[in-house]
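Since the structure comes first, as structure tokens, the remarks are kept for the end.
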There are 2 protein chains.
Amino acid sequence: MSEIKFGVLGQYFHCPVKGDFEYAAQALVLVDNSGAISSIINENDADFQTQISELSARKQLIELSPTQYLMPGMVDLHVHAPQFPQAGKGLDLPLYDWLQDYTFPLEAKFEDMDFAKKIYPELVQSLLANGTTSAVYFATIHKDTSVELARECVKQGQRGFIGKVNMDEASQCPAFYIEPSTSDALIDTENFIQQVQALEGNEHRLVSPVVTPRFVPSCSSEMLQGLGELVQKYQCHVQTHCSESDWARDYSQEKYGKTDVEIYSDFGLMTNKTILAHSIFLTPNDHKVIKATGASIAHCPLSNMYFANAAMQTREILDNDLKCGLGSDLAGAPIPSIFHTCLDAVNHSRVREDGTSTYLPADTRGESGSRISFLESYWMATVGGGQAIDAKVGLFQAGFEFDALVIDTAVSDSNIFILDEMDSAKDKLEKIITLNSRQNIRKVWVKGQLVVEK
Amino acid sequence: MSEIKFGVLGQYFHCPVKGDFEYAAQALVLVDNSGAISSIINENDADFQTQISELSARKQLIELSPTQYLMPGMVDLHVHAPQFPQAGKGLDLPLYDWLQDYTFPLEAKFEDMDFAKKIYPELVQSLLANGTTSAVYFATIHKDTSVELARECVKQGQRGFIGKVNMDEASQCPAFYIEPSTSDALIDTENFIQQVQALEGNEHRLVSPVVTPRFVPSCSSEMLQGLGELVQKYQCHVQTHCSESDWARDYSQEKYGKTDVEIYSDFGLMTNKTILAHSIFLTPNDHKVIKATGASIAHCPLSNMYFANAAMQTREILDNDLKCGLGSDLAGAPIPSIFHTCLDAVNHSRVREDGTSTYLPADTRGESGSRISFLESYWMATVGGGQAIDAKVGLFQAGFEFDALVIDTAVSDSNIFILDEMDSAKDKLEKIITLNSRQNIRKVWVKGQLVVEK
């Protein structure tokens, strides 16, 4: 058994049950040398005071103040790393113009290692500072700078899942941003997997390679076939876009006569480590295949508001117990915070429930009963995300990795206004989720390592 | 002519034309002793350097750094002041429960001056720190603590428009939170108007009283009649809720056979200083009456997502040149920032354009062409809001009041990531609007007075 590295003493929130939460007013979370939680001792346990005294004597006790809360690290299931400089830019353009005028030229620049070395450290640092302890990244088609992103995650200590993007279908990719050939791209991808796994400092697999077909339209069937074979060979993670818009869904039907989920399944890309971003237009059979394979959905509500043409079936997906977490979809949405994504997920579900058109009668306007709660949203951001990346994160339980944040509600320039005499634990949690800003996050640990301290 | 008090040298953004913006890379904004802008001198003007030297010699020059931007102060047209402790709490409840369980008991507590003196200073300070230089407040039914809110605005230097709330309809108000009688309430309201106008320190009318019937259902027709007479007598501002939900619209039709706008008009409550919060279910005749009277709409997009049952007809309202600004609707929405409200206004319009239901065909799902742009949203937050409060704020022009912010994109813990070589002025403005947080706001002036400095 590993030795205790440190203990954190204070109050914490987490969500062991979807739609509910647990609050501990005073607990001692013990973290071992491997970065895992070895045990959690409550104030009523016999050895509570003894443990505190011993840790304190060894200078291994981190004591939170009354305005500080220990919370699980946030999991962002969908980040376009190269689009970081584009965040908050051109979002009133139609998707086609946005991609052609901004995104593809920007992604193409990541052929240049110097440019990647300028942007990626800023991105990883920004996400960590916003409390994102695990991030699932689309990089670009360029192998070397994609490996560089993985290296940056190792360096800054973020739990990273990194994909070299694959896109080879000439009719759907700009000439300046496309794989040189399908076979070269597959060789590059295999090399990418091996290089990430062998990265110096990555012995404990904090950082993992992800097979990443951009989406059905940008990949030839040979590409999807080859990528499926790599997934089976290396048993690695998969990420892609799934039925994100009317156009994308229709494209797949026209080319294959199938849904995206069915196509990915045919090519061996649906596994329990597959993350399907968006997944807006799912059919009942898609639900079945996702459930049977154990694949997960990355719900990206703010980007859905811009580009998905509809609201995700979040209520049905949660009720059907599909695995589902949250994604910021940087820079299809501008805000690099999964706390904010929680709020957007609630918001979009509320708009879906009531509908939008004042020209329609109330009972034909929306989809009754489709709202989700803040607690469901926060569950997705932590536990749901952890399930999607197949990592033991998102909960304070013995055996889970210690990926955690300290939120302080009393820092200067905080919008979180708590009145102890009027706010229940649930109220406090909801206030922290909705009003939290980056400066409220004072410490961030990943795998027991302190990676942000302000 | 007043003397120059100081000059601000640097870059600025503002929106003289709805849907467009203006950027000055290097300008000198001169502010006189009355707090107004006396002139703006551009770097090509003959006396640019002379003025700078003279101001510098007199220690009256405020020089911005290259990462700092001068921007107009934000105008929040709809804030429920007593609900500040409720922000971010219970927002997954149905409106009725939210009001009965949280809002009305909380508002009732403002009978207690000590409680008001604990909460209101925090609220005003929070809004100023978020860049809200002008705020239009609903207080509570209690005259004395409503005057206290006005006093607090004077004290902290915020341009405040404060309403003692009126609600006397027994069938619609809880017994613990209702006017003692209609006639007493009208006397109280007249006293309130006089006391606010006579407040010590308010000689320049920084703070104004607002006649505030809560909404049609909570007011008897005698109350609406009496308030209309006070408006005509004192020529003062008016605020109320207007056609916010299906229920509210239907209530008015059942009781009066008219729309809210028609009812307010009948009672003399529609003037060019009237602010109608929400205004979701407007009829063509409502548009005509609003335009003819010069009344304004307070668009509260985030709270609309929760409680309005539909999206506002923002596109039609802007195209029809109705006066329209933005409101946070604290605490019907949790976030005390009009920058964030700009983002929400765009988001809700995008959702409205595309619709939400994946079970409907794309062409029947939304309302084509109804999106609004970030620039339109920002125009509402500044110029539109200024028109609504009948104040010369929101633009950098000679004769306008100097209500302004310094935004710094390079503070620590900022989410605004700007690359000078890739971002146009428009890109920078959109990034500031969408990614700005409270700590990016370093200085706030109202009427030429520095009220926040960090």
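By convention in this document, the chains of the structure tokens carry letters A, B, ... by their order, each chain's residues are numbered from 1, and ligands are numbered from 1 in the order they are shown.
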
Inset, instruction - Using only C-alpha atoms, select each residue of chain A with any atom at most 6 Å away from an atom of chain B, and give the selection as a ChimeraX atom specification. - result: /A:88-89,92,305,309-311,351-352,354-358,373,413,427,431,434,439

Legend entry - Contact residues around Asp112 in chain A with only C-alpha atoms at 12 Å, ignoring same-chain residues under 3 positions, as a ChimeraX atom specification: /A:82,106-109,115-119,140-146,148

Those residues you just picked out, can you put them in a file as a compact mmCIF listing (two decimals), in the first residue's frame with all heavy atoms?
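Final output, out_26.txt:
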# COMPACT_ATOMS: atom_id res chain seq x y z
N PRO A 82 -6.45 23.73 -31.33
CA PRO A 82 -5.89 24.80 -32.17
C PRO A 82 -6.81 26.00 -32.30
O PRO A 82 -6.37 27.07 -32.72
CB PRO A 82 -5.71 24.12 -33.53
CG PRO A 82 -6.73 23.01 -33.54
CD PRO A 82 -6.76 22.53 -32.11
N LEU A 106 -6.70 28.65 -39.53
CA LEU A 106 -6.02 28.64 -38.23
C LEU A 106 -5.45 27.25 -37.93
O LEU A 106 -4.28 27.11 -37.53
CB LEU A 106 -7.01 29.07 -37.15
CG LEU A 106 -6.53 29.06 -35.69
CD1 LEU A 106 -5.30 29.94 -35.50
CD2 LEU A 106 -7.66 29.50 -34.75
N GLU A 107 -6.25 26.21 -38.14
CA GLU A 107 -5.74 24.85 -37.87
C GLU A 107 -4.52 24.54 -38.75
O GLU A 107 -3.58 23.88 -38.31
CB GLU A 107 -6.85 23.81 -38.08
CG GLU A 107 -7.96 23.91 -37.03
CD GLU A 107 -8.81 22.64 -36.90
OE1 GLU A 107 -8.43 21.58 -37.45
OE2 GLU A 107 -9.87 22.72 -36.26
N ALA A 108 -4.56 25.03 -39.99
CA ALA A 108 -3.45 24.76 -40.92
C ALA A 108 -2.13 25.33 -40.40
O ALA A 108 -1.05 24.81 -40.69
CB ALA A 108 -3.77 25.32 -42.30
N LYS A 109 -2.21 26.40 -39.62
CA LYS A 109 -0.99 27.03 -39.10
C LYS A 109 -0.24 26.13 -38.11
O LYS A 109 0.93 26.39 -37.80
CB LYS A 109 -1.33 28.35 -38.38
CG LYS A 109 -1.70 29.49 -39.31
CD LYS A 109 -2.22 30.71 -38.56
CE LYS A 109 -1.14 31.46 -37.82
NZ LYS A 109 -0.38 32.36 -38.72
N PHE A 115 4.53 28.00 -33.80
CA PHE A 115 3.19 28.51 -33.51
C PHE A 115 2.50 27.62 -32.45
O PHE A 115 1.90 28.12 -31.50
CB PHE A 115 2.36 28.57 -34.80
CG PHE A 115 1.05 29.29 -34.65
CD1 PHE A 115 1.01 30.66 -34.42
CD2 PHE A 115 -0.16 28.59 -34.72
CE1 PHE A 115 -0.21 31.33 -34.27
CE2 PHE A 115 -1.38 29.25 -34.57
CZ PHE A 115 -1.40 30.63 -34.34
N ALA A 116 2.62 26.30 -32.64
CA ALA A 116 2.02 25.38 -31.66
C ALA A 116 2.60 25.62 -30.27
O ALA A 116 1.88 25.61 -29.26
CB ALA A 116 2.26 23.93 -32.10
N LYS A 117 3.91 25.85 -30.21
CA LYS A 117 4.56 26.06 -28.91
C LYS A 117 4.17 27.40 -28.28
O LYS A 117 4.39 27.62 -27.09
CB LYS A 117 6.08 25.98 -29.05
CG LYS A 117 6.58 24.55 -29.20
CD LYS A 117 8.10 24.49 -29.17
CE LYS A 117 8.54 23.04 -29.06
NZ LYS A 117 10.00 22.89 -29.06
N LYS A 118 3.65 28.28 -29.10
CA LYS A 118 3.16 29.56 -28.58
C LYS A 118 1.74 29.42 -28.02
O LYS A 118 1.41 30.00 -26.99
CB LYS A 118 3.17 30.59 -29.72
CG LYS A 118 2.69 31.96 -29.37
CD LYS A 118 2.87 32.89 -30.59
CE LYS A 118 2.26 34.26 -30.30
NZ LYS A 118 2.43 35.17 -31.44
N ILE A 119 0.90 28.62 -28.71
CA ILE A 119 -0.53 28.57 -28.36
C ILE A 119 -0.83 27.49 -27.32
O ILE A 119 -1.55 27.73 -26.35
CB ILE A 119 -1.38 28.30 -29.63
CG1 ILE A 119 -1.12 29.38 -30.69
CG2 ILE A 119 -2.87 28.20 -29.27
CD1 ILE A 119 -1.45 30.79 -30.26
N THR A 140 -4.69 18.82 -34.56
CA THR A 140 -4.86 19.09 -35.99
C THR A 140 -4.38 17.85 -36.75
O THR A 140 -4.06 16.82 -36.15
CB THR A 140 -4.02 20.31 -36.44
OG1 THR A 140 -2.63 20.02 -36.19
CG2 THR A 140 -4.43 21.56 -35.67
N ILE A 141 -4.28 17.95 -38.07
CA ILE A 141 -3.83 16.79 -38.85
C ILE A 141 -2.32 16.56 -38.70
O ILE A 141 -1.80 15.54 -39.14
CB ILE A 141 -4.17 16.93 -40.37
CG1 ILE A 141 -3.45 18.12 -41.01
CG2 ILE A 141 -5.67 17.05 -40.57
CD1 ILE A 141 -3.64 18.20 -42.54
N HIS A 142 -1.62 17.49 -38.05
CA HIS A 142 -0.16 17.44 -38.02
C HIS A 142 0.33 16.61 -36.84
O HIS A 142 0.11 16.98 -35.68
CB HIS A 142 0.40 18.86 -37.91
CG HIS A 142 -0.27 19.82 -38.84
ND1 HIS A 142 -1.29 20.67 -38.42
CD2 HIS A 142 -0.13 20.03 -40.16
CE1 HIS A 142 -1.72 21.38 -39.45
NE2 HIS A 142 -1.04 21.02 -40.52
N LYS A 143 1.04 15.52 -37.16
CA LYS A 143 1.45 14.60 -36.10
C LYS A 143 2.36 15.27 -35.07
O LYS A 143 2.15 15.14 -33.85
CB LYS A 143 2.18 13.38 -36.70
CG LYS A 143 2.47 12.30 -35.67
CD LYS A 143 3.58 11.37 -36.12
CE LYS A 143 4.89 12.14 -36.21
NZ LYS A 143 6.06 11.30 -36.46
N ASP A 144 3.38 16.00 -35.54
CA ASP A 144 4.41 16.46 -34.60
C ASP A 144 3.86 17.47 -33.60
O ASP A 144 4.17 17.42 -32.41
CB ASP A 144 5.60 17.06 -35.36
CG ASP A 144 6.38 15.97 -36.09
OD1 ASP A 144 6.17 14.78 -35.78
OD2 ASP A 144 7.16 16.32 -37.00
N THR A 145 3.04 18.40 -34.09
CA THR A 145 2.52 19.38 -33.13
C THR A 145 1.42 18.77 -32.26
O THR A 145 1.19 19.22 -31.14
CB THR A 145 2.02 20.67 -33.82
OG1 THR A 145 1.05 20.32 -34.82
CG2 THR A 145 3.18 21.40 -34.48
N SER A 146 0.77 17.72 -32.76
CA SER A 146 -0.20 17.01 -31.90
C SER A 146 0.52 16.33 -30.76
O SER A 146 0.05 16.35 -29.60
CB SER A 146 -1.00 16.00 -32.73
OG SER A 146 -1.74 16.65 -33.75
N GLU A 148 3.24 17.41 -29.58
CA GLU A 148 3.66 18.53 -28.72
C GLU A 148 2.56 18.91 -27.72
O GLU A 148 2.84 19.23 -26.56
CB GLU A 148 4.03 19.74 -29.60
CG GLU A 148 4.47 20.98 -28.84
CD GLU A 148 5.70 20.74 -27.96
OE1 GLU A 148 6.50 19.84 -28.27
OE2 GLU A 148 5.85 21.45 -26.94

Inset, instruction - Using DSSP on the backbone coordinates, identify all residues within range 70-257 of chain B classified as strand (DSSP E or B); present the result as an NGL selection string. - result: :B and (70-72 or 74-80 or 132-138 or 159-163 or 165-166 or 207-213 or 237-242)

Would you export the selected residues with N, CA and C atoms as an mmCIF file, in the first residue's frame, please?
data_model
loop_
_atom_site.group_PDB
_atom_site.id
_atom_site.type_symbol
_atom_site.label_atom_id
_atom_site.label_comp_id
_atom_site.auth_asym_id
_atom_site.auth_seq_id
_atom_site.Cartn_x
_atom_site.Cartn_y
_atom_site.Cartn_z
ATOM 1 N N LEU B 70 -10.919 51.686 -23.244
ATOM 2 C CA LEU B 70 -11.986 52.490 -22.662
ATOM 3 C C LEU B 70 -13.292 52.090 -23.344
ATOM 4 N N MET B 71 -14.306 51.790 -22.550
ATOM 5 C CA MET B 71 -15.593 51.377 -23.101
ATOM 6 C C MET B 71 -16.721 52.062 -22.328
ATOM 7 N N PRO B 72 -17.869 52.267 -22.977
ATOM 8 C CA PRO B 72 -18.976 52.914 -22.257
ATOM 9 C C PRO B 72 -19.431 52.063 -21.088
ATOM 10 N N MET B 74 -21.995 50.074 -18.726
ATOM 11 C CA MET B 74 -23.120 49.227 -19.110
ATOM 12 C C MET B 74 -24.386 49.674 -18.382
ATOM 13 N N VAL B 75 -25.508 49.517 -19.062
ATOM 14 C CA VAL B 75 -26.806 49.908 -18.496
ATOM 15 C C VAL B 75 -27.632 48.650 -18.256
ATOM 16 N N ASP B 76 -28.023 48.438 -16.996
ATOM 17 C CA ASP B 76 -28.863 47.286 -16.652
ATOM 18 C C ASP B 76 -30.280 47.796 -16.392
ATOM 19 N N LEU B 77 -31.204 47.454 -17.286
ATOM 20 C CA LEU B 77 -32.555 48.016 -17.214
ATOM 21 C C LEU B 77 -33.497 47.254 -16.285
ATOM 22 N N HIS B 78 -33.021 46.161 -15.691
ATOM 23 C CA HIS B 78 -33.980 45.381 -14.894
ATOM 24 C C HIS B 78 -33.271 44.549 -13.834
ATOM 25 N N VAL B 79 -33.279 45.081 -12.607
ATOM 26 C CA VAL B 79 -32.639 44.406 -11.477
ATOM 27 C C VAL B 79 -33.632 44.365 -10.314
ATOM 28 N N HIS B 80 -33.869 43.196 -9.772
ATOM 29 C CA HIS B 80 -34.650 43.095 -8.537
ATOM 30 C C HIS B 80 -33.675 43.149 -7.371
ATOM 31 N N THR B 132 -21.569 47.900 -14.444
ATOM 32 C CA THR B 132 -22.911 48.476 -14.594
ATOM 33 C C THR B 132 -22.937 49.864 -13.969
ATOM 34 N N THR B 133 -22.856 50.879 -14.821
ATOM 35 C CA THR B 133 -22.813 52.255 -14.327
ATOM 36 C C THR B 133 -24.208 52.816 -14.098
ATOM 37 N N SER B 134 -25.199 52.278 -14.824
ATOM 38 C CA SER B 134 -26.596 52.685 -14.619
ATOM 39 C C SER B 134 -27.419 51.439 -14.353
ATOM 40 N N ALA B 135 -28.246 51.500 -13.302
ATOM 41 C CA ALA B 135 -29.085 50.343 -12.993
ATOM 42 C C ALA B 135 -30.503 50.790 -12.671
ATOM 43 N N VAL B 136 -31.454 50.045 -13.204
ATOM 44 C CA VAL B 136 -32.869 50.334 -12.966
ATOM 45 C C VAL B 136 -33.388 49.246 -12.034
ATOM 46 N N TYR B 137 -33.745 49.668 -10.816
ATOM 47 C CA TYR B 137 -34.023 48.710 -9.741
ATOM 48 C C TYR B 137 -35.497 48.620 -9.380
ATOM 49 N N PHE B 138 -36.021 47.438 -9.230
ATOM 50 C CA PHE B 138 -37.187 47.169 -8.403
ATOM 51 C C PHE B 138 -36.655 46.980 -6.985
ATOM 52 N N ARG B 159 -25.428 55.549 -11.115
ATOM 53 C CA ARG B 159 -26.623 56.156 -11.704
ATOM 54 C C ARG B 159 -27.779 55.181 -11.458
ATOM 55 N N GLY B 160 -28.640 55.512 -10.519
ATOM 56 C CA GLY B 160 -29.661 54.562 -10.076
ATOM 57 C C GLY B 160 -31.062 55.048 -10.377
ATOM 58 N N PHE B 161 -31.909 54.142 -10.778
ATOM 59 C CA PHE B 161 -33.324 54.417 -11.020
ATOM 60 C C PHE B 161 -34.076 53.432 -10.139
ATOM 61 N N ILE B 162 -34.707 53.972 -9.093
ATOM 62 C CA ILE B 162 -35.172 53.077 -8.033
ATOM 63 C C ILE B 162 -36.676 53.151 -7.866
ATOM 64 N N GLY B 163 -37.290 51.983 -7.826
ATOM 65 C CA GLY B 163 -38.726 51.926 -7.640
ATOM 66 C C GLY B 163 -39.120 51.256 -6.335
ATOM 67 N N VAL B 165 -41.782 49.145 -5.009
ATOM 68 C CA VAL B 165 -42.711 48.262 -5.726
ATOM 69 C C VAL B 165 -44.130 48.441 -5.190
ATOM 70 N N ASN B 166 -45.106 48.393 -6.099
ATOM 71 C CA ASN B 166 -46.506 48.422 -5.685
ATOM 72 C C ASN B 166 -47.211 47.124 -6.042
ATOM 73 N N VAL B 207 -29.579 59.989 -9.118
ATOM 74 C CA VAL B 207 -30.517 58.928 -8.733
ATOM 75 C C VAL B 207 -31.947 59.444 -8.888
ATOM 76 N N SER B 208 -32.795 58.614 -9.495
ATOM 77 C CA SER B 208 -34.171 59.038 -9.807
ATOM 78 C C SER B 208 -35.174 58.019 -9.285
ATOM 79 N N PRO B 209 -36.342 58.503 -8.876
ATOM 80 C CA PRO B 209 -37.413 57.580 -8.471
ATOM 81 C C PRO B 209 -38.145 57.041 -9.700
ATOM 82 N N VAL B 210 -38.648 55.835 -9.555
ATOM 83 C CA VAL B 210 -39.354 55.181 -10.666
ATOM 84 C C VAL B 210 -40.681 54.638 -10.144
ATOM 85 N N VAL B 211 -41.760 55.001 -10.781
ATOM 86 C CA VAL B 211 -43.067 54.442 -10.416
ATOM 87 C C VAL B 211 -43.115 52.983 -10.891
ATOM 88 N N THR B 212 -43.478 52.069 -9.976
ATOM 89 C CA THR B 212 -43.222 50.647 -10.201
ATOM 90 C C THR B 212 -44.387 49.723 -9.822
ATOM 91 N N PRO B 213 -45.429 49.683 -10.660
ATOM 92 C CA PRO B 213 -46.412 48.618 -10.450
ATOM 93 C C PRO B 213 -45.745 47.285 -10.802
ATOM 94 N N HIS B 237 -39.955 58.457 -14.170
ATOM 95 C CA HIS B 237 -39.778 57.179 -14.858
ATOM 96 C C HIS B 237 -40.813 56.157 -14.383
ATOM 97 N N VAL B 238 -41.053 55.159 -15.234
ATOM 98 C CA VAL B 238 -41.970 54.066 -14.919
ATOM 99 C C VAL B 238 -41.266 52.755 -15.254
ATOM 100 N N GLN B 239 -41.479 51.740 -14.446
ATOM 101 C CA GLN B 239 -41.009 50.403 -14.834
ATOM 102 C C GLN B 239 -42.051 49.377 -14.402
ATOM 103 N N THR B 240 -42.143 48.324 -15.159
ATOM 104 C CA THR B 240 -43.054 47.247 -14.816
ATOM 105 C C THR B 240 -42.712 46.022 -15.657
ATOM 106 N N HIS B 241 -43.361 44.900 -15.342
ATOM 107 C CA HIS B 241 -43.222 43.720 -16.191
ATOM 108 C C HIS B 241 -44.325 43.758 -17.239
ATOM 109 N N CYS B 242 -43.997 43.288 -18.423
ATOM 110 C CA CYS B 242 -44.959 43.361 -19.516
ATOM 111 C C CYS B 242 -45.023 42.029 -20.268
#

Inset, instruction - Quick one: everything within 12 Å of Val261 in chain B, counting only C-alpha atoms, minus sequence neighbours fewer than 3 positions away in the same chain. Send it as an MDAnalysis selection string. - result: chainID B and resid 215:216 240:244 249 252:253 256:258 264:271 274:293 295:297
